[in-house]
file my_file-v6.pdb (PDB, C-alpha atoms)
ATOM      1  CA  MET X   3     -57.012 -37.287  14.827
ATOM      2  CA  ASN X   4     -60.649 -36.256  14.406
ATOM      3  CA  LEU X   5     -61.116 -32.686  15.553
ATOM      4  CA  GLN X   6     -64.613 -31.243  15.582
ATOM      5  CA  ILE X   7     -64.988 -27.649  16.742
ATOM      6  CA  ASP X   8     -68.270 -26.100  17.859
ATOM      7  CA  MET X   9     -69.158 -22.399  17.967
ATOM      8  CA  ILE X  10     -68.032 -21.717  21.545
ATOM      9  CA  GLU X  11     -64.663 -23.287  20.754
ATOM     10  CA  TYR X  12     -64.296 -21.154  17.626
ATOM     11  CA  ILE X  13     -65.050 -18.095  19.767
ATOM     12  CA  ALA X  14     -62.458 -19.163  22.354
ATOM     13  CA  ILE X  15     -59.775 -19.590  19.691
ATOM     14  CA  PHE X  16     -60.577 -16.249  18.038
ATOM     15  CA  ALA X  17     -60.728 -14.436  21.390
ATOM     16  CA  SER X  18     -57.341 -15.897  22.268
ATOM     17  CA  TYR X  19     -55.908 -14.506  19.042
ATOM     18  CA  LEU X  20     -57.314 -11.068  19.884
ATOM     19  CA  ILE X  21     -55.809 -11.208  23.375
ATOM     20  CA  GLY X  22     -52.474 -12.194  21.855
ATOM     21  CA  SER X  23     -52.751  -9.221  19.498
ATOM     22  CA  LEU X  24     -52.526  -6.775  22.413
ATOM     23  CA  SER X  25     -48.898  -5.672  22.203
ATOM     24  CA  SER X  26     -47.617  -5.314  25.753
ATOM     25  CA  ALA X  27     -44.477  -3.488  24.606
ATOM     26  CA  ILE X  28     -46.352  -0.815  22.653
ATOM     27  CA  ILE X  29     -48.995  -0.362  25.366
ATOM     28  CA  VAL X  30     -46.447  -0.188  28.210
ATOM     29  CA  CYS X  31     -44.230   2.266  26.342
ATOM     30  CA  LYS X  32     -47.194   4.496  25.574
ATOM     31  CA  ILE X  33     -48.385   4.510  29.208
ATOM     32  CA  MET X  34     -44.866   5.166  30.513
ATOM     33  CA  SER X  35     -44.209   7.898  27.900
ATOM     34  CA  LEU X  36     -41.421   5.931  26.267
ATOM     35  CA  PRO X  37     -40.630   5.808  22.541
ATOM     36  CA  ASP X  38     -42.509   3.345  20.350
ATOM     37  CA  PRO X  39     -40.419   0.122  20.519
ATOM     38  CA  ARG X  40     -40.934  -0.414  16.795
ATOM     39  CA  GLY X  41     -38.766   2.636  16.157
ATOM     40  CA  GLU X  42     -36.092   2.087  18.795
ATOM     41  CA  GLY X  43     -33.283  -0.412  19.316
ATOM     42  CA  SER X  44     -33.901  -3.569  17.299
ATOM     43  CA  GLY X  45     -37.393  -2.401  16.365
ATOM     44  CA  ASN X  46     -38.912  -5.490  17.946
ATOM     45  CA  PRO X  47     -41.926  -4.895  20.259
ATOM     46  CA  GLY X  48     -40.705  -7.209  23.004
ATOM     47  CA  ALA X  49     -39.268  -7.103  26.507
ATOM     48  CA  THR X  50     -35.621  -7.432  25.454
ATOM     49  CA  ASN X  51     -35.827  -4.411  23.185
ATOM     50  CA  VAL X  52     -37.782  -2.378  25.758
ATOM     51  CA  LEU X  53     -34.969  -3.107  28.225
ATOM     52  CA  ARG X  54     -32.520  -1.406  25.859
ATOM     53  CA  PHE X  55     -34.118   2.016  26.051
ATOM     54  CA  GLY X  56     -36.849   1.831  28.699
ATOM     55  CA  GLY X  57     -35.120   0.201  31.639
ATOM     56  CA  LYS X  58     -35.800  -2.838  33.792
ATOM     57  CA  LYS X  59     -39.207  -1.799  35.100
ATOM     58  CA  ALA X  60     -40.743  -1.270  31.665
ATOM     59  CA  ALA X  61     -39.137  -4.473  30.397
ATOM     60  CA  ALA X  62     -40.424  -6.493  33.355
ATOM     61  CA  ILE X  63     -43.978  -5.227  32.876
ATOM     62  CA  THR X  64     -43.762  -5.992  29.160
ATOM     63  CA  LEU X  65     -42.466  -9.494  29.861
ATOM     64  CA  ALA X  66     -45.269 -10.160  32.350
ATOM     65  CA  GLY X  67     -47.892  -8.867  29.926
ATOM     66  CA  ASP X  68     -46.626 -11.039  27.071
ATOM     67  CA  MET X  69     -46.564 -14.118  29.292
ATOM     68  CA  LEU X  70     -50.035 -13.499  30.715
ATOM     69  CA  LYS X  71     -51.669 -13.171  27.321
ATOM     70  CA  GLY X  72     -50.407 -16.676  26.551
ATOM     71  CA  LEU X  73     -51.241 -18.100  29.971
ATOM     72  CA  ILE X  74     -54.692 -16.666  30.712
ATOM     73  CA  PRO X  75     -56.585 -17.889  27.606
ATOM     74  CA  VAL X  76     -55.220 -21.416  28.103
ATOM     75  CA  LEU X  77     -56.186 -21.462  31.787
ATOM     76  CA  ILE X  78     -59.691 -20.168  31.008
ATOM     77  CA  VAL X  79     -60.490 -22.902  28.474
ATOM     78  CA  LYS X  80     -58.950 -25.523  30.760
ATOM     79  CA  TYR X  81     -61.237 -24.302  33.550
ATOM     80  CA  MET X  82     -64.167 -24.551  31.122
ATOM     81  CA  GLY X  83     -63.312 -28.214  30.638
ATOM     82  CA  MET X  84     -62.540 -28.050  26.919
ATOM     83  CA  ASP X  85     -60.683 -30.856  25.187
ATOM     84  CA  MET X  86     -56.891 -30.691  25.182
ATOM     85  CA  GLN X  87     -56.922 -30.342  21.406
ATOM     86  CA  ILE X  88     -58.894 -27.103  21.718
ATOM     87  CA  ILE X  89     -56.699 -25.937  24.586
ATOM     88  CA  ALA X  90     -53.642 -26.457  22.386
ATOM     89  CA  LEU X  91     -55.238 -24.464  19.539
ATOM     90  CA  VAL X  92     -56.135 -21.655  21.949
ATOM     91  CA  GLY X  93     -52.477 -21.473  23.006
ATOM     92  CA  LEU X  94     -51.351 -21.408  19.386
ATOM     93  CA  ALA X  95     -53.866 -18.640  18.592
ATOM     94  CA  ALA X  96     -52.511 -16.445  21.412
ATOM     95  CA  PHE X  97     -48.968 -17.047  20.167
ATOM     96  CA  LEU X  98     -49.885 -16.137  16.580
ATOM     97  CA  GLY X  99     -51.735 -13.065  17.828
ATOM     98  CA  HIS X 100     -48.531 -11.822  19.430
ATOM     99  CA  LEU X 101     -46.551 -12.437  16.242
ATOM    100  CA  TYR X 102     -49.185 -11.042  13.884
ATOM    101  CA  PRO X 103     -51.361  -8.632  15.902
ATOM    102  CA  VAL X 104     -54.485  -7.449  14.123
ATOM    103  CA  PHE X 105     -54.384  -4.200  16.127
ATOM    104  CA  PHE X 106     -50.841  -3.271  15.003
ATOM    105  CA  GLN X 107     -50.711  -3.959  11.251
ATOM    106  CA  PHE X 108     -49.818  -7.630  11.889
ATOM    107  CA  LYS X 109     -46.293  -6.631  12.954
ATOM    108  CA  GLY X 110     -45.583  -8.138  16.362
ATOM    109  CA  GLY X 111     -42.833  -9.563  18.527
ATOM    110  CA  LYS X 112     -40.915 -12.791  18.253
ATOM    111  CA  GLY X 113     -43.077 -14.787  20.659
ATOM    112  CA  VAL X 114     -40.714 -16.067  23.345
ATOM    113  CA  ALA X 115     -42.582 -14.757  26.414
ATOM    114  CA  THR X 116     -46.019 -15.570  24.980
ATOM    115  CA  MET X 117     -44.921 -19.109  24.148
ATOM    116  CA  LEU X 118     -43.595 -19.433  27.698
ATOM    117  CA  GLY X 119     -46.984 -18.335  29.041
ATOM    118  CA  VAL X 120     -48.665 -20.978  26.888
ATOM    119  CA  MET X 121     -46.247 -23.598  28.241
ATOM    120  CA  PHE X 122     -47.201 -22.650  31.811
ATOM    121  CA  GLY X 123     -50.848 -22.998  30.783
ATOM    122  CA  PHE X 124     -50.272 -26.478  29.383
ATOM    123  CA  SER X 125     -48.396 -27.595  32.499
ATOM    124  CA  TRP X 126     -46.694 -25.726  35.331
ATOM    125  CA  TRP X 127     -43.884 -28.288  35.190
ATOM    126  CA  VAL X 128     -43.321 -27.654  31.479
ATOM    127  CA  GLY X 129     -43.406 -23.900  32.040
ATOM    128  CA  LEU X 130     -40.928 -24.053  34.908
ATOM    129  CA  ALA X 131     -38.576 -26.306  32.950
ATOM    130  CA  THR X 132     -38.682 -24.007  29.915
ATOM    131  CA  ALA X 133     -38.246 -20.844  31.996
ATOM    132  CA  GLY X 134     -35.476 -22.486  34.004
ATOM    133  CA  THR X 135     -33.632 -23.378  30.816
ATOM    134  CA  TRP X 136     -33.865 -19.773  29.601
ATOM    135  CA  LEU X 137     -32.623 -18.392  32.921
ATOM    136  CA  PHE X 138     -29.775 -20.916  33.084
ATOM    137  CA  MET X 139     -28.621 -20.100  29.552
ATOM    138  CA  ALA X 140     -29.031 -16.355  30.100
ATOM    139  CA  LYS X 141     -26.864 -16.570  33.193
ATOM    140  CA  ILE X 142     -24.128 -18.344  31.262
ATOM    141  CA  VAL X 143     -24.114 -16.737  27.808
ATOM    142  CA  LYS X 144     -25.951 -13.456  28.611
ATOM    143  CA  ILE X 145     -27.550 -13.485  25.155
ATOM    144  CA  SER X 146     -31.350 -13.342  25.152
ATOM    145  CA  SER X 147     -31.901 -14.802  21.686
ATOM    146  CA  LEU X 148     -29.602 -17.790  22.226
ATOM    147  CA  SER X 149     -31.202 -18.484  25.607
ATOM    148  CA  ALA X 150     -34.660 -18.339  24.029
ATOM    149  CA  LEU X 151     -33.682 -20.616  21.147
ATOM    150  CA  VAL X 152     -32.261 -23.275  23.458
ATOM    151  CA  ALA X 153     -35.258 -23.097  25.825
ATOM    152  CA  THR X 154     -37.846 -23.365  23.064
ATOM    153  CA  LEU X 155     -35.918 -26.122  21.318
ATOM    154  CA  LEU X 156     -36.200 -28.168  24.509
ATOM    155  CA  ALA X 157     -39.854 -27.245  25.137
ATOM    156  CA  PRO X 158     -41.253 -30.152  23.044
ATOM    157  CA  VAL X 159     -38.999 -32.508  24.998
ATOM    158  CA  TYR X 160     -40.422 -31.194  28.266
ATOM    159  CA  VAL X 161     -43.986 -31.615  26.969
ATOM    160  CA  TRP X 162     -43.178 -35.208  26.046
ATOM    161  CA  LEU X 163     -41.618 -35.898  29.454
ATOM    162  CA  TRP X 164     -44.684 -34.553  31.271
ATOM    163  CA  PHE X 165     -47.338 -36.195  29.067
ATOM    164  CA  ASP X 166     -49.019 -37.839  32.065
ATOM    165  CA  TYR X 167     -49.420 -34.516  33.871
ATOM    166  CA  ILE X 168     -50.825 -32.617  30.896
ATOM    167  CA  GLY X 169     -53.788 -34.908  30.313
ATOM    168  CA  ALA X 170     -55.588 -36.723  27.528
ATOM    169  CA  ASN X 171     -54.771 -35.947  23.901
ATOM    170  CA  SER X 172     -51.374 -34.585  24.877
ATOM    171  CA  ILE X 173     -50.186 -35.333  21.349
ATOM    172  CA  ALA X 174     -52.026 -32.150  20.288
ATOM    173  CA  THR X 175     -50.061 -30.173  22.880
ATOM    174  CA  LEU X 176     -46.810 -31.660  21.605
ATOM    175  CA  GLY X 177     -47.728 -30.846  18.007
ATOM    176  CA  VAL X 178     -48.579 -27.237  18.803
ATOM    177  CA  THR X 179     -45.381 -26.842  20.838
ATOM    178  CA  ILE X 180     -43.321 -28.105  17.900
ATOM    179  CA  ILE X 181     -45.132 -25.684  15.563
ATOM    180  CA  MET X 182     -44.445 -22.746  17.898
ATOM    181  CA  THR X 183     -40.784 -23.764  18.168
ATOM    182  CA  ILE X 184     -40.376 -23.895  14.390
ATOM    183  CA  ILE X 185     -42.078 -20.510  13.935
ATOM    184  CA  LEU X 186     -40.021 -18.977  16.735
ATOM    185  CA  PHE X 187     -36.778 -20.147  15.114
ATOM    186  CA  TRP X 188     -37.931 -18.652  11.811
ATOM    187  CA  ARG X 189     -38.745 -15.359  13.544
ATOM    188  CA  HIS X 190     -35.229 -15.373  15.027
ATOM    189  CA  ARG X 191     -33.464 -15.992  11.710
ATOM    190  CA  SER X 192     -31.692 -12.605  11.826
ATOM    191  CA  ASN X 193     -30.586 -13.313  15.398
ATOM    192  CA  ILE X 194     -29.262 -16.704  14.315
ATOM    193  CA  GLN X 195     -27.219 -15.028  11.578
ATOM    194  CA  ASN X 196     -25.834 -12.567  14.132
ATOM    195  CA  LEU X 197     -24.987 -15.413  16.498
ATOM    196  CA  LEU X 198     -23.100 -17.251  13.762
ATOM    197  CA  SER X 199     -21.161 -14.085  12.902
ATOM    198  CA  GLY X 200     -20.552 -13.143  16.546
ATOM    199  CA  LYS X 201     -22.523  -9.902  16.281
ATOM    200  CA  GLU X 202     -25.484 -10.696  18.537
ATOM    201  CA  GLU X 203     -25.813  -8.226  21.418
ATOM    202  CA  LYS X 204     -25.850  -9.273  25.037
ATOM    203  CA  ILE X 205     -28.740  -8.699  27.423
ATOM    204  CA  GLY X 206     -29.115  -5.061  28.442
ATOM    205  CA  THR X 207     -26.992  -3.627  25.647
ATOM    206  CA  ASP X 208     -28.167  -0.148  24.677
ATOM    207  CA  LYS X 209     -28.012   0.172  20.903
ATOM    208  CA  ALA X 210     -28.395   3.918  21.146
TER     209      ALA X 210
END
call {"tool": "encode", "arguments": {"input": "my_file-v6.pdb", "output": "structure tokens"}}
result
Amino acid sequence: MNLQIDMIEYIAIFASYLIGSLSSAIIVCKIMSLPDPRGEGSGNPGATNVLRFGGKKAAAITLAGDMLKGLIPVLIVKYMGMDMQIIALVGLAAFLGHLYPVFFQFKGGKGVATMLGVMFGFSWWVGLATAGTWLFMAKIVKISSLSALVATLLAPVYVWLWFDYIGANSIATLGVTIIMTIILFWRHRSNIQNLLSGKEEKIGTDKA
């Protein structure tokens, strides 16, 4: 695959990383006068942890913010008519920005909601399938991490199934989705250990 990137595409990728670096959890908690999520609960700046000590409203806003920072950059470059390879890299940059935010000492969340936003940007069908899988699993097992792991594991399958709807060079989208899935599993390694030992908390559990 021959990928040539011009200056405007470099700018789009870098801007997407910066957008991803805006930590919704930290910003929301600061605005709502809640504790810094990095020092509460699991210490993860994400919606699930915010739910533990900040309630449903703060968690919902955090979730929406994390999804939007994955969705919006992808939709913008799609609207600009950029190649699908660049669109895929823009999505990956937003995802990495969330995980390693330049504005917060490169210590970010685990990437589930931002990856979901990127999936919606790639294809609404892929996004709905991934979100539906998470909701279905969450309803059954009531464990956020397990639901996320199953949903993201199936995300590359959904991309493959909807190749024709995503557009040309969809192989780049599939590759980036696989990369995000692998990274997300690595970021959840402590959760996986807890799941195997039966210690993983259920959704809404207040560690305090």
call {"tool": "closest_residue", "arguments": {"input": "my_file-v6.pdb", "among": "X:Ala66, X:Ala14, X:Ile33, X:Leu176", "to": "Val128 in chain X", "atoms": "all atoms listed in the file"}}
result
X:Leu176
call {"tool": "atom_distance", "arguments": {"input": "my_file-v6.pdb", "atom1": "CA of Gly119 in chain X", "atom2": "CA of Leu70 in chain X"}}
result
6.0 Å
call {"tool": "residues_around", "arguments": {"input": "my_file-v6.pdb", "residues": "Val143 in chain X", "least_positions_apart": "5", "cutoff": "10 Å", "atoms": "only C-alpha atoms", "output": "ChimeraX atom specification"}}
result
/X:138,148-149,204-205
call {"tool": "residues_around", "arguments": {"input": "my_file-v6.pdb", "residues": "Ile89 in chain X", "least_positions_apart": "6", "cutoff": "12 Å", "atoms": "all atoms listed in the file", "output": "ChimeraX atom specification"}}
result
/X:7,11-12,14-15,18,72-83,95-96,120-121,123-125,168-176,178-179
call {"tool": "resolve_selection", "arguments": {"input": "my_file-v6.pdb", "expression": "the PyMOL selection byres ((chain X and resi 42) around 9)", "output": "number ranges by chain"}}
result
X: 37-41, 43-46, 51-52, 54-55, 209-210
call {"tool": "residues_around", "arguments": {"input": "my_file-v6.pdb", "residues": "range 58-60 of chain X", "least_positions_apart": "6", "cutoff": "8 Å", "atoms": "only C-alpha atoms", "output": "ChimeraX atom specification"}}
result
/X:30-31,34,49,52
call {"tool": "residues_around", "arguments": {"input": "my_file-v6.pdb", "residues": "His190 in chain X", "least_positions_apart": "6", "cutoff": "12 Å", "atoms": "only C-alpha atoms", "output": "list of chain:residue names"}}
result
X:Asn46, X:Leu101, X:Gly111, X:Lys112, X:Gly113, X:Val114, X:Ser146, X:Ser147, X:Leu148, X:Ser149, X:Ala150, X:Leu151, X:Val152, X:Thr154, X:Thr183, X:Ile184, X:Asn196, X:Leu197, X:Glu202
call {"tool": "axis_aligned_box", "arguments": {"input": "my_file-v6.pdb", "around": "range 44-53 of chain X", "padding_each_side": "8 Å", "output": "JSON"}}
result
{"center_x": -37.9, "center_y": -4.9, "center_z": 22.3, "size_x": 24.0, "size_y": 21.1, "size_z": 27.9}
call {"tool": "atom_distance", "arguments": {"input": "my_file-v6.pdb", "atom1": "CA of Met139 in chain X", "atom2": "CA of Gly22 in chain X"}}
result
26.3 Å
call {"tool": "closest_residue", "arguments": {"input": "my_file-v6.pdb", "among": "X:Ile180, X:Ile194, X:Leu94, X:Met84", "to": "Ile10 in chain X", "atoms": "all atoms listed in the file"}}
result
X:Met84
call {"tool": "residues_around", "arguments": {"input": "my_file-v6.pdb", "residues": "Gln107 in chain X", "least_positions_apart": "3", "cutoff": "12 Å", "atoms": "only C-alpha atoms", "output": "PDB file with C-alpha atoms, keeping the file's coordinate frame"}}
result
ATOM      1  CA  SER X  23     -52.751  -9.221  19.498  1.00  0.00           C
ATOM      2  CA  LEU X  24     -52.526  -6.775  22.413  1.00  0.00           C
ATOM      3  CA  SER X  25     -48.898  -5.672  22.203  1.00  0.00           C
ATOM      4  CA  ARG X  40     -40.934  -0.414  16.795  1.00  0.00           C
ATOM      5  CA  GLY X  99     -51.735 -13.065  17.828  1.00  0.00           C
ATOM      6  CA  HIS X 100     -48.531 -11.822  19.430  1.00  0.00           C
ATOM      7  CA  LEU X 101     -46.551 -12.437  16.242  1.00  0.00           C
ATOM      8  CA  TYR X 102     -49.185 -11.042  13.884  1.00  0.00           C
ATOM      9  CA  PRO X 103     -51.361  -8.632  15.902  1.00  0.00           C
ATOM     10  CA  VAL X 104     -54.485  -7.449  14.123  1.00  0.00           C
ATOM     11  CA  GLY X 110     -45.583  -8.138  16.362  1.00  0.00           C
TER      12      GLY X 110
END
call {"tool": "closest_residue", "arguments": {"input": "my_file-v6.pdb", "among": "X:Val161, X:Leu65, X:Leu53, X:Ile145", "to": "Trp126 in chain X", "atoms": "only C-alpha atoms"}}
result
X:Val161
call {"tool": "atom_distance", "arguments": {"input": "my_file-v6.pdb", "atom1": "CA of Ala133 in chain X", "atom2": "CA of Lys71 in chain X"}}
result
16.2 Å
call {"tool": "closest_residue", "arguments": {"input": "my_file-v6.pdb", "among": "X:Leu155, X:Phe187, X:Gly56, X:Phe16", "to": "Lys32 in chain X", "atoms": "only C-alpha atoms"}}
result
X:Gly56
call {"tool": "closest_residue", "arguments": {"input": "my_file-v6.pdb", "among": "X:Trp127, X:Lys144, X:Leu186, X:Met117", "to": "Ala90 in chain X", "atoms": "only C-alpha atoms"}}
result
X:Met117
call {"tool": "decode", "arguments": {"input": "my_file-v6.pdb", "residues": "range 105-152 of chain X", "atoms": "C-alpha atoms", "output": "PDB file, in the first residue's frame"}}
result
ATOM      1  CA  PHE X 105      -2.188  18.090  27.772  1.00  0.00           C
ATOM      2  CA  PHE X 106      -2.270  15.664  30.736  1.00  0.00           C
ATOM      3  CA  GLN X 107       1.242  14.189  30.990  1.00  0.00           C
ATOM      4  CA  PHE X 108       0.361  11.484  28.423  1.00  0.00           C
ATOM      5  CA  LYS X 109      -1.788   9.674  31.006  1.00  0.00           C
ATOM      6  CA  GLY X 110      -5.237   9.111  29.533  1.00  0.00           C
ATOM      7  CA  GLY X 111      -8.169   6.727  29.519  1.00  0.00           C
ATOM      8  CA  LYS X 112      -8.518   3.271  28.064  1.00  0.00           C
ATOM      9  CA  GLY X 113     -10.091   4.342  24.774  1.00  0.00           C
ATOM     10  CA  VAL X 114     -13.391   2.472  24.557  1.00  0.00           C
ATOM     11  CA  ALA X 115     -15.698   5.462  23.955  1.00  0.00           C
ATOM     12  CA  THR X 116     -13.229   7.220  21.643  1.00  0.00           C
ATOM     13  CA  MET X 117     -12.784   4.059  19.586  1.00  0.00           C
ATOM     14  CA  LEU X 118     -16.571   3.770  19.381  1.00  0.00           C
ATOM     15  CA  GLY X 119     -16.752   7.346  18.087  1.00  0.00           C
ATOM     16  CA  VAL X 120     -14.163   6.493  15.439  1.00  0.00           C
ATOM     17  CA  MET X 121     -16.215   3.439  14.438  1.00  0.00           C
ATOM     18  CA  PHE X 122     -19.290   5.646  13.963  1.00  0.00           C
ATOM     19  CA  GLY X 123     -17.139   7.947  11.827  1.00  0.00           C
ATOM     20  CA  PHE X 124     -15.988   5.071   9.634  1.00  0.00           C
ATOM     21  CA  SER X 125     -19.539   3.779   9.187  1.00  0.00           C
ATOM     22  CA  TRP X 126     -22.775   4.330  11.095  1.00  0.00           C
ATOM     23  CA  TRP X 127     -23.539   0.628  10.652  1.00  0.00           C
ATOM     24  CA  VAL X 128     -20.210  -0.374  12.203  1.00  0.00           C
ATOM     25  CA  GLY X 129     -20.726   2.076  15.057  1.00  0.00           C
ATOM     26  CA  LEU X 130     -24.240   0.838  15.773  1.00  0.00           C
ATOM     27  CA  ALA X 131     -23.138  -2.798  15.675  1.00  0.00           C
ATOM     28  CA  THR X 132     -20.240  -2.125  18.051  1.00  0.00           C
ATOM     29  CA  ALA X 133     -22.360  -0.033  20.428  1.00  0.00           C
ATOM     30  CA  GLY X 134     -25.149  -2.602  20.282  1.00  0.00           C
ATOM     31  CA  THR X 135     -22.724  -5.355  21.229  1.00  0.00           C
ATOM     32  CA  TRP X 136     -21.510  -3.338  24.226  1.00  0.00           C
ATOM     33  CA  LEU X 137     -25.058  -2.605  25.388  1.00  0.00           C
ATOM     34  CA  PHE X 138     -26.122  -6.234  24.937  1.00  0.00           C
ATOM     35  CA  MET X 139     -23.155  -7.532  26.933  1.00  0.00           C
ATOM     36  CA  ALA X 140     -23.553  -4.844  29.599  1.00  0.00           C
ATOM     37  CA  LYS X 141     -27.180  -5.823  30.045  1.00  0.00           C
ATOM     38  CA  ILE X 142     -26.229  -9.458  30.543  1.00  0.00           C
ATOM     39  CA  VAL X 143     -22.969  -9.397  32.514  1.00  0.00           C
ATOM     40  CA  LYS X 144     -23.148  -5.837  33.953  1.00  0.00           C
ATOM     41  CA  ILE X 145     -19.361  -5.526  33.702  1.00  0.00           C
ATOM     42  CA  SER X 146     -18.132  -2.553  31.673  1.00  0.00           C
ATOM     43  CA  SER X 147     -14.669  -3.897  30.868  1.00  0.00           C
ATOM     44  CA  LEU X 148     -15.911  -7.290  29.662  1.00  0.00           C
ATOM     45  CA  SER X 149     -18.593  -5.619  27.543  1.00  0.00           C
ATOM     46  CA  ALA X 150     -15.985  -3.310  26.016  1.00  0.00           C
ATOM     47  CA  LEU X 151     -13.564  -6.153  25.303  1.00  0.00           C
ATOM     48  CA  VAL X 152     -16.202  -8.226  23.521  1.00  0.00           C
TER      49      VAL X 152
END
